[in-house]
Amino acid sequence: MKEMSSEYKKFLKKRKTKNILIITTQIGLLIILIALWEILATYGVIDTFIMSSPSRIVKTISELYSTGNLFYHIGTTLIEAILGFLIATLGGTIIAILLWWNDTIRRIIDPYIVVLNSLPKIALGPIIIIWVGVGMQSIVTMAILIMIIITIISMLNAFRQVEYSKILLLKSMNANKWQILTKLILPSALPEFISLLKINVGLTWVGTIMGEYLVSKAGLGYLIIYGSQIFNLDLVMASTILLCILAALMYFIVAFIEKCFNKKHNNY
Amino acid sequence: MHILELNGVELTYFDTHGETKALEDITFSVDAGEFVSIVGPSGCGKTTILSIITGLIQPTHGKVNINGQGSKVVGYMFQKDNLLEWRTIKNNICLGLELTHNKTKENLDYVDELLKKYNLWDFRDKYPRELSGGMRQRAALIRTLALRPSLLLLDEAFSALDYQTRLNVCDDVYNIIKQEKLTAILVTHDINEAISLSDKVVILSKRPSSVKEILDISLQKYPTPFERRECVEAKDYFQHIWEKLV
Ligand SMILES: Nc1ncnc2c1ncn2[C@@H]1O[C@H](COP(=O)(O)OP(=O)(O)OP(=O)(O)O)[C@@H](O)[C@H]1O
Ligand SMILES: [Mg+2]
């Protein structure tokens with residue numbers, strides 16, 4: 001460790017104080033909001049029938065837990081989201097590699113991809129249900145459809161942005177196409193891949209919940225729709241909050257992967 | 001012995017905008033151990049000539065003969081160092097050995113030797129962004145040398161550097177080439193650089209280019225490029241080349 005000047009120590013200390021202040025304010029704000037919600041609900045200022053309340057949400061969640069349904073619904077949605085995320089991210093990247101590899105195919109496919117990209121995927125919902133059937137498979141398909149086109153486009157873009165002079169350099173050293181792919185193209189596109197993970201981890205929830213709205217017998221999206229149909233706002237709110245927590249957890253896992261990656265390759 | 005012969009080489013590029021005749025008739029040869037420079041107006045096809053010698057593109061007409069031994073006869077050093085940011089300096093330098101499946105103990109020892117000899121040993125585990133422009137250029141040269149080419153092609157290899165660094169790197173590279181007993185072809189915009197480094201200067205005409213003149217430079221009595229740059233004869237050579245180019 002290098003010797004630190006007292007000015008630098010002061011600077012670090014100031015920064016740390018500021019960070020602590022920000023985090024405490026963030027947590028404090030959350031507590032105040034929840035408390036306010038609860039108080040207003042208790043004193044009847046807001047109607048708990050349409051607004052629910054923190055204590056009723058907690059009660060609903062514990063009821064779900066005691067009937068053994070909580071982890072069933074969470075698990076269903078989580079599996080759908082993770083499956084969709086993995087298949088779309090890996091599949092899309094593999095398709096992008098194929099399109100990079102064969103320029104003729106890329107040019108043939110190009111307009112199809114553009115059209116598919118601009119199509120609102122939800123419009124395909126009924127077709128998906130008819131084609132792949134009711135159940136988890138159509139929800140995962142929905143999630144995949146939402147992510148895969150953007151994955152293909154952004155990865156292909158990253159591949160094609162690699163400087164031509166670098167490709168020439170490898171060619172001048174007798175590299176074959178496979179070597180150009182593995183030694184140059186893929187490592188160059190790694191930062192884009194990481195940021196794509198972050199985008200997809202958000203999109204997979206959009207796809208999964210949208211899919212569950214359309215067709216499902218279980219999952220958090222199902223609970224939200226079901227709750228709203230029987231006008232049980234406690235259930236709707238509880239499921240929404242569980243969803244928030246899950247999405248945040250998954251995002252932080254990806255953010256953590258990104259951080260590890262940045263540490264290892266601090267040159268990006 | 002000629003290590004390289006170009007005979008009536010002609011090249012036309014085809015693309016959607018039409019055809020561009022870059023090279024009309026290029027004929028010259030290079031002997032083993034010679035240092036040859038190519039000068040010519042911007043866009044006349046100098047890079048094209050090097051790409052043809054490397055085999056990256058095929059000439060439309062004409063012949064290219066290369067006589068050399070070793071697994072990789074031609075080593076090509078680009079204007080940009082093209083170091084891969086995610087590899088350490090040493091791994092960058094070993095890239096060619098990796099691609100040609102030549103990462104033997106003997107070759108790796110040679111890389112270490114080059115790293116030590118040319119003052120990059122302490123930086124072998126650093127990443128390219130941690131090096132100065134001159135050091136990066138030297139790393140790129142060692143990457144080329146690691147494949148033990150018998151013919152080295154340098155495409156404006158120094159033009160990305162500031163003037164001061166450029167003179168130093170130029171001297172460095174010249175010494176390396178002489179020490180490793182390499183044959184070299186240098187493409188440059190800098191007439192003084194061509195005069196101070198070469199045994200022979202190939203002067204090209206405007207596009208579609210052909211060889212206007214092959215000028216022998218005899219400044220062997222001055223041992224370093226720096227002295228040659230400064231000497232009186234250099235002015236005459238400069239004048240001569242300048243007049244041919246305009
Ligand atoms: N891939 C290509 N397709 C079409 N035309 C090309 C291609 N590469 C080069 N050209 C054209 O051929 C001519 C010669 O190009 P080249 O790069 O060999 O010139 P150069 O002498 O190296 O130029 P500079 O001095 O700018 O480096 C130029 O007019 C260029 O526009
Ligand atoms: Mg050029």
# chains A, B, ... in the order shown; residues from 1 in each chain; ligands from 1
call {"tool": "closest_atom_pairs", "arguments": {"of": "chain B", "to": "ligand 1", "cutoff": "7 Å", "atoms": "only C-alpha atoms and all ligand atoms", "output": "tab-separated table"}}
result
residue	atom	partner	partner_atom_place_in_ligand_line	distance
B:Tyr13	CA	ligand 1	4 (C)	4.8
B:Phe14	CA	ligand 1	4 (C)	6.0
B:Asp15	CA	ligand 1	4 (C)	6.0
B:Thr20	CA	ligand 1	5 (N)	5.8
B:Lys21	CA	ligand 1	12 (O)	7.0
B:Ala22	CA	ligand 1	12 (O)	4.7
B:Gly40	CA	ligand 1	21 (O)	6.7
B:Pro41	CA	ligand 1	25 (O)	6.3
B:Ser42	CA	ligand 1	25 (O)	3.5
B:Gly43	CA	ligand 1	23 (O)	3.2
B:Cys44	CA	ligand 1	21 (O)	4.0
B:Gly45	CA	ligand 1	18 (O)	3.1
B:Lys46	CA	ligand 1	21 (O)	3.7
B:Thr47	CA	ligand 1	22 (O)	3.6
B:Thr48	CA	ligand 1	18 (O)	3.6
B:Ile49	CA	ligand 1	18 (O)	6.6
B:Arg207	CA	ligand 1	29 (O)	6.9
call {"tool": "write_last_selection", "arguments": {"atoms": "C-alpha atoms", "output": "PDB file, in the first residue's frame"}}
result
ATOM      1  CA  TYR B  13     -10.230  -3.438 -56.352  1.00  0.00           C
ATOM      2  CA  PHE B  14     -13.846  -4.234 -57.107  1.00  0.00           C
ATOM      3  CA  ASP B  15     -16.725  -3.030 -55.029  1.00  0.00           C
ATOM      4  CA  THR B  20     -10.378   1.038 -58.604  1.00  0.00           C
ATOM      5  CA  LYS B  21      -7.127   0.254 -60.266  1.00  0.00           C
ATOM      6  CA  ALA B  22      -4.630   0.643 -57.441  1.00  0.00           C
ATOM      7  CA  GLY B  40       4.643   7.514 -52.922  1.00  0.00           C
ATOM      8  CA  PRO B  41       1.716   9.919 -52.941  1.00  0.00           C
ATOM      9  CA  SER B  42      -1.127   9.307 -50.506  1.00  0.00           C
ATOM     10  CA  GLY B  43      -3.510   6.592 -51.677  1.00  0.00           C
ATOM     11  CA  CYS B  44      -1.218   5.325 -54.430  1.00  0.00           C
ATOM     12  CA  GLY B  45      -1.330   1.724 -53.222  1.00  0.00           C
ATOM     13  CA  LYS B  46       1.537   1.256 -50.776  1.00  0.00           C
ATOM     14  CA  THR B  47      -0.507  -0.657 -48.237  1.00  0.00           C
ATOM     15  CA  THR B  48      -1.924  -2.692 -51.108  1.00  0.00           C
ATOM     16  CA  ILE B  49       1.596  -3.800 -52.072  1.00  0.00           C
ATOM     17  CA  ARG B 207      -2.580   5.851 -58.555  1.00  0.00           C
TER      18      ARG B 207
END
call {"tool": "interface_residues", "arguments": {"of": "chain B", "to": "chain A", "cutoff": "10 Å", "atoms": "only C-alpha atoms", "output": "PyMOL selection string"}}
result
chain B and resi 51+54-56+72+74-87+95-100+127-130+144+147
call {"tool": "residues_around", "arguments": {"residues": "Thr27 of chain B", "least_positions_apart": "2", "cutoff": "12 Å", "atoms": "only C-alpha atoms", "output": "ChimeraX atom specification"}}
result
/B:4-10,23-25,29-30,49,61-65,202-204,209-214
call {"tool": "select_by_dssp", "arguments": {"residues": "segment 167-205 of chain B", "states": "helix (DSSP H, G or I)", "output": "ChimeraX atom specification"}}
result
/B:167-179,191-197
call {"tool": "residues_around", "arguments": {"residues": "Lys121 of chain A", "least_positions_apart": "5", "cutoff": "9 Å", "atoms": "only C-alpha atoms", "output": "PDB file with all heavy atoms, in the first residue's frame"}}
result
ATOM      1  N   LEU A 116     -39.153  -8.324 -36.973  1.00  0.00           N
ATOM      2  CA  LEU A 116     -39.457  -8.978 -35.698  1.00  0.00           C
ATOM      3  C   LEU A 116     -39.152  -8.064 -34.528  1.00  0.00           C
ATOM      4  O   LEU A 116     -39.844  -8.056 -33.514  1.00  0.00           O
ATOM      5  CB  LEU A 116     -38.640 -10.265 -35.559  1.00  0.00           C
ATOM      6  CG  LEU A 116     -39.241 -11.508 -36.194  1.00  0.00           C
ATOM      7  CD1 LEU A 116     -38.318 -12.693 -35.998  1.00  0.00           C
ATOM      8  CD2 LEU A 116     -40.611 -11.796 -35.594  1.00  0.00           C
ATOM      9  N   MET A 142     -42.573 -16.814 -24.526  1.00  0.00           N
ATOM     10  CA  MET A 142     -42.852 -15.379 -24.532  1.00  0.00           C
ATOM     11  C   MET A 142     -41.620 -14.592 -24.067  1.00  0.00           C
ATOM     12  O   MET A 142     -41.200 -13.618 -24.702  1.00  0.00           O
ATOM     13  CB  MET A 142     -44.023 -15.117 -23.571  1.00  0.00           C
ATOM     14  CG  MET A 142     -44.596 -13.749 -23.683  1.00  0.00           C
ATOM     15  SD  MET A 142     -45.593 -13.685 -25.168  1.00  0.00           S
ATOM     16  CE  MET A 142     -45.397 -11.995 -25.560  1.00  0.00           C
ATOM     17  N   LEU A 145     -38.876 -14.722 -26.678  1.00  0.00           N
ATOM     18  CA  LEU A 145     -39.163 -13.857 -27.829  1.00  0.00           C
ATOM     19  C   LEU A 145     -38.822 -12.400 -27.530  1.00  0.00           C
ATOM     20  O   LEU A 145     -38.315 -11.679 -28.376  1.00  0.00           O
ATOM     21  CB  LEU A 145     -40.644 -13.951 -28.194  1.00  0.00           C
ATOM     22  CG  LEU A 145     -40.973 -14.941 -29.299  1.00  0.00           C
ATOM     23  CD1 LEU A 145     -42.461 -14.923 -29.565  1.00  0.00           C
ATOM     24  CD2 LEU A 145     -40.206 -14.579 -30.562  1.00  0.00           C
ATOM     25  N   ILE A 146     -39.131 -11.993 -26.300  1.00  0.00           N
ATOM     26  CA  ILE A 146     -38.874 -10.598 -25.943  1.00  0.00           C
ATOM     27  C   ILE A 146     -37.380 -10.301 -25.926  1.00  0.00           C
ATOM     28  O   ILE A 146     -36.941  -9.223 -26.324  1.00  0.00           O
ATOM     29  CB  ILE A 146     -39.522 -10.285 -24.576  1.00  0.00           C
ATOM     30  CG1 ILE A 146     -41.017 -10.126 -24.809  1.00  0.00           C
ATOM     31  CG2 ILE A 146     -38.927  -9.046 -23.947  1.00  0.00           C
ATOM     32  CD1 ILE A 146     -41.758  -9.450 -23.729  1.00  0.00           C
ATOM     33  N   GLY A 207     -41.123 -10.440 -19.866  1.00  0.00           N
ATOM     34  CA  GLY A 207     -41.639 -11.545 -20.662  1.00  0.00           C
ATOM     35  C   GLY A 207     -42.383 -12.563 -19.825  1.00  0.00           C
ATOM     36  O   GLY A 207     -43.471 -13.028 -20.194  1.00  0.00           O
TER      37      GLY A 207
END
call {"tool": "residues_around", "arguments": {"residues": "Asp190 of chain B", "least_positions_apart": "5", "cutoff": "10 Å", "atoms": "only C-alpha atoms", "output": "ChimeraX atom specification"}}
result
/B:39-40,156,158-159,195
call {"tool": "residues_around", "arguments": {"residues": "Ile97 of chain A", "least_positions_apart": "4", "cutoff": "8 Å", "atoms": "only C-alpha atoms", "output": "JSON, numbers by chain"}}
result
{"A": [93, 101, 156]}
call {"tool": "write_last_selection", "arguments": {"atoms": "all heavy atoms", "output": "mmCIF file, in the first residue's frame"}}
result
data_model
loop_
_atom_site.group_PDB
_atom_site.id
_atom_site.type_symbol
_atom_site.label_atom_id
_atom_site.label_comp_id
_atom_site.auth_asym_id
_atom_site.auth_seq_id
_atom_site.Cartn_x
_atom_site.Cartn_y
_atom_site.Cartn_z
ATOM 1 N N THR A 93 -26.945 -15.293 -28.611
ATOM 2 C CA THR A 93 -25.516 -15.100 -28.878
ATOM 3 C C THR A 93 -25.027 -16.110 -29.912
ATOM 4 O O THR A 93 -24.257 -15.759 -30.818
ATOM 5 C CB THR A 93 -24.717 -15.232 -27.567
ATOM 6 O OG1 THR A 93 -25.265 -14.331 -26.618
ATOM 7 C CG2 THR A 93 -23.254 -14.905 -27.787
ATOM 8 N N TRP A 101 -20.571 -15.381 -38.813
ATOM 9 C CA TRP A 101 -19.766 -16.343 -39.551
ATOM 10 C C TRP A 101 -20.117 -16.335 -41.034
ATOM 11 O O TRP A 101 -19.239 -16.361 -41.885
ATOM 12 C CB TRP A 101 -19.981 -17.744 -38.971
ATOM 13 C CG TRP A 101 -19.027 -18.755 -39.491
ATOM 14 C CD1 TRP A 101 -19.097 -19.417 -40.678
ATOM 15 C CD2 TRP A 101 -17.840 -19.217 -38.846
ATOM 16 N NE1 TRP A 101 -18.040 -20.259 -40.817
ATOM 17 C CE2 TRP A 101 -17.241 -20.163 -39.701
ATOM 18 C CE3 TRP A 101 -17.222 -18.927 -37.621
ATOM 19 C CZ2 TRP A 101 -16.056 -20.824 -39.382
ATOM 20 C CZ3 TRP A 101 -16.054 -19.588 -37.313
ATOM 21 C CH2 TRP A 101 -15.478 -20.520 -38.191
ATOM 22 N N LEU A 156 -24.475 -9.130 -32.516
ATOM 23 C CA LEU A 156 -23.967 -9.064 -33.887
ATOM 24 C C LEU A 156 -23.301 -7.711 -34.141
ATOM 25 O O LEU A 156 -22.228 -7.623 -34.755
ATOM 26 C CB LEU A 156 -25.115 -9.287 -34.878
ATOM 27 C CG LEU A 156 -24.700 -9.379 -36.349
ATOM 28 C CD1 LEU A 156 -23.724 -10.512 -36.562
ATOM 29 C CD2 LEU A 156 -25.918 -9.576 -37.239
#
call {"tool": "residues_around", "arguments": {"residues": "Ile93 of chain B", "least_positions_apart": "5", "cutoff": "8 Å", "atoms": "only C-alpha atoms", "output": "ChimeraX atom specification"}}
result
/B:111,139-140,142-144,146
call {"tool": "write_last_selection", "arguments": {"atoms": "all heavy atoms", "output": "JSON list (two decimals), in the first residue's frame"}}
result
[["chain", "number", "residue", "atom", "x", "y", "z"],
["B", 111, "VAL", "N", 11.02, -15.39, -26.92],
["B", 111, "VAL", "CA", 10.19, -14.23, -26.58],
["B", 111, "VAL", "C", 10.75, -13.54, -25.33],
["B", 111, "VAL", "O", 10.89, -12.32, -25.29],
["B", 111, "VAL", "CB", 8.72, -14.65, -26.36],
["B", 111, "VAL", "CG1", 7.93, -13.54, -25.68],
["B", 111, "VAL", "CG2", 8.07, -15.01, -27.67],
["B", 139, "ALA", "N", 6.36, -3.38, -28.54],
["B", 139, "ALA", "CA", 5.69, -4.66, -28.26],
["B", 139, "ALA", "C", 5.13, -5.25, -29.55],
["B", 139, "ALA", "O", 5.24, -6.46, -29.79],
["B", 139, "ALA", "CB", 4.56, -4.45, -27.25],
["B", 140, "ALA", "N", 4.55, -4.39, -30.39],
["B", 140, "ALA", "CA", 4.01, -4.87, -31.66],
["B", 140, "ALA", "C", 5.12, -5.44, -32.53],
["B", 140, "ALA", "O", 4.95, -6.45, -33.21],
["B", 140, "ALA", "CB", 3.29, -3.74, -32.39],
["B", 142, "ILE", "N", 7.96, -6.79, -31.44],
["B", 142, "ILE", "CA", 8.39, -8.07, -30.87],
["B", 142, "ILE", "C", 7.37, -9.17, -31.19],
["B", 142, "ILE", "O", 7.73, -10.31, -31.46],
["B", 142, "ILE", "CB", 8.61, -7.94, -29.35],
["B", 142, "ILE", "CG1", 9.76, -6.98, -29.08],
["B", 142, "ILE", "CG2", 8.92, -9.30, -28.73],
["B", 142, "ILE", "CD1", 10.03, -6.74, -27.63],
["B", 143, "ARG", "N", 6.08, -8.80, -31.18],
["B", 143, "ARG", "CA", 5.04, -9.77, -31.56],
["B", 143, "ARG", "C", 5.31, -10.30, -32.97],
["B", 143, "ARG", "O", 5.15, -11.49, -33.24],
["B", 143, "ARG", "CB", 3.67, -9.10, -31.50],
["B", 143, "ARG", "CG", 2.53, -9.99, -31.93],
["B", 143, "ARG", "CD", 1.21, -9.24, -31.92],
["B", 143, "ARG", "NE", 1.26, -8.10, -32.81],
["B", 143, "ARG", "CZ", 0.43, -7.06, -32.76],
["B", 143, "ARG", "NH1", -0.52, -7.02, -31.86],
["B", 143, "ARG", "NH2", 0.55, -6.06, -33.59],
["B", 144, "THR", "N", 5.73, -9.40, -33.85],
["B", 144, "THR", "CA", 6.04, -9.82, -35.22],
["B", 144, "THR", "C", 7.31, -10.66, -35.25],
["B", 144, "THR", "O", 7.38, -11.68, -35.92],
["B", 144, "THR", "CB", 6.21, -8.59, -36.12],
["B", 144, "THR", "OG1", 5.16, -7.67, -35.84],
["B", 144, "THR", "CG2", 6.19, -8.97, -37.58],
["B", 146, "ALA", "N", 8.57, -12.51, -32.94],
["B", 146, "ALA", "CA", 8.46, -13.79, -32.25],
["B", 146, "ALA", "C", 8.24, -14.94, -33.22],
["B", 146, "ALA", "O", 8.60, -16.08, -32.93],
["B", 146, "ALA", "CB", 7.31, -13.74, -31.24]]
call {"tool": "select_by_dssp", "arguments": {"residues": "segment 144-235 of chain B", "states": "strand (DSSP E or B)", "output": "list in words"}}
result
Leu151, Leu152, Leu153, Leu154, Asp155, Thr183, Ala184, Ile185, Leu186, Val187, Lys200, Val201, Val202, Ile203, Leu204, Ser209, Ser210, Val211, Lys212, Glu213, Ile214, Leu215 and Asp216 of chain B
call {"tool": "atom_distance", "arguments": {"atom1": "atom CA of Ala184 of chain B", "atom2": "atom CA of Asn168 of chain B"}}
result
18.1 Å
call {"tool": "closest_residue", "arguments": {"among": "B:Ile191, B:Ile38, B:Leu245, B:Leu11", "to": "ligand 2", "atoms": "only C-alpha atoms and all ligand atoms"}}
result
B:Ile38
call {"tool": "closest_residue", "arguments": {"among": "B:Leu197, B:Ile57, B:Ile89, B:Leu120", "to": "Ala234 of chain B", "atoms": "only C-alpha atoms"}}
result
B:Leu197
call {"tool": "closest_residue", "arguments": {"among": "B:His189, B:Lys181, B:Lys90, B:His101", "to": "ligand 2", "atoms": "only C-alpha atoms and all ligand atoms"}}
result
B:His189
call {"tool": "closest_residue", "arguments": {"among": "B:Asp125, B:Arg148, B:Ala157, B:Asn107", "to": "ligand 2", "atoms": "only C-alpha atoms and all ligand atoms"}}
result
B:Ala157
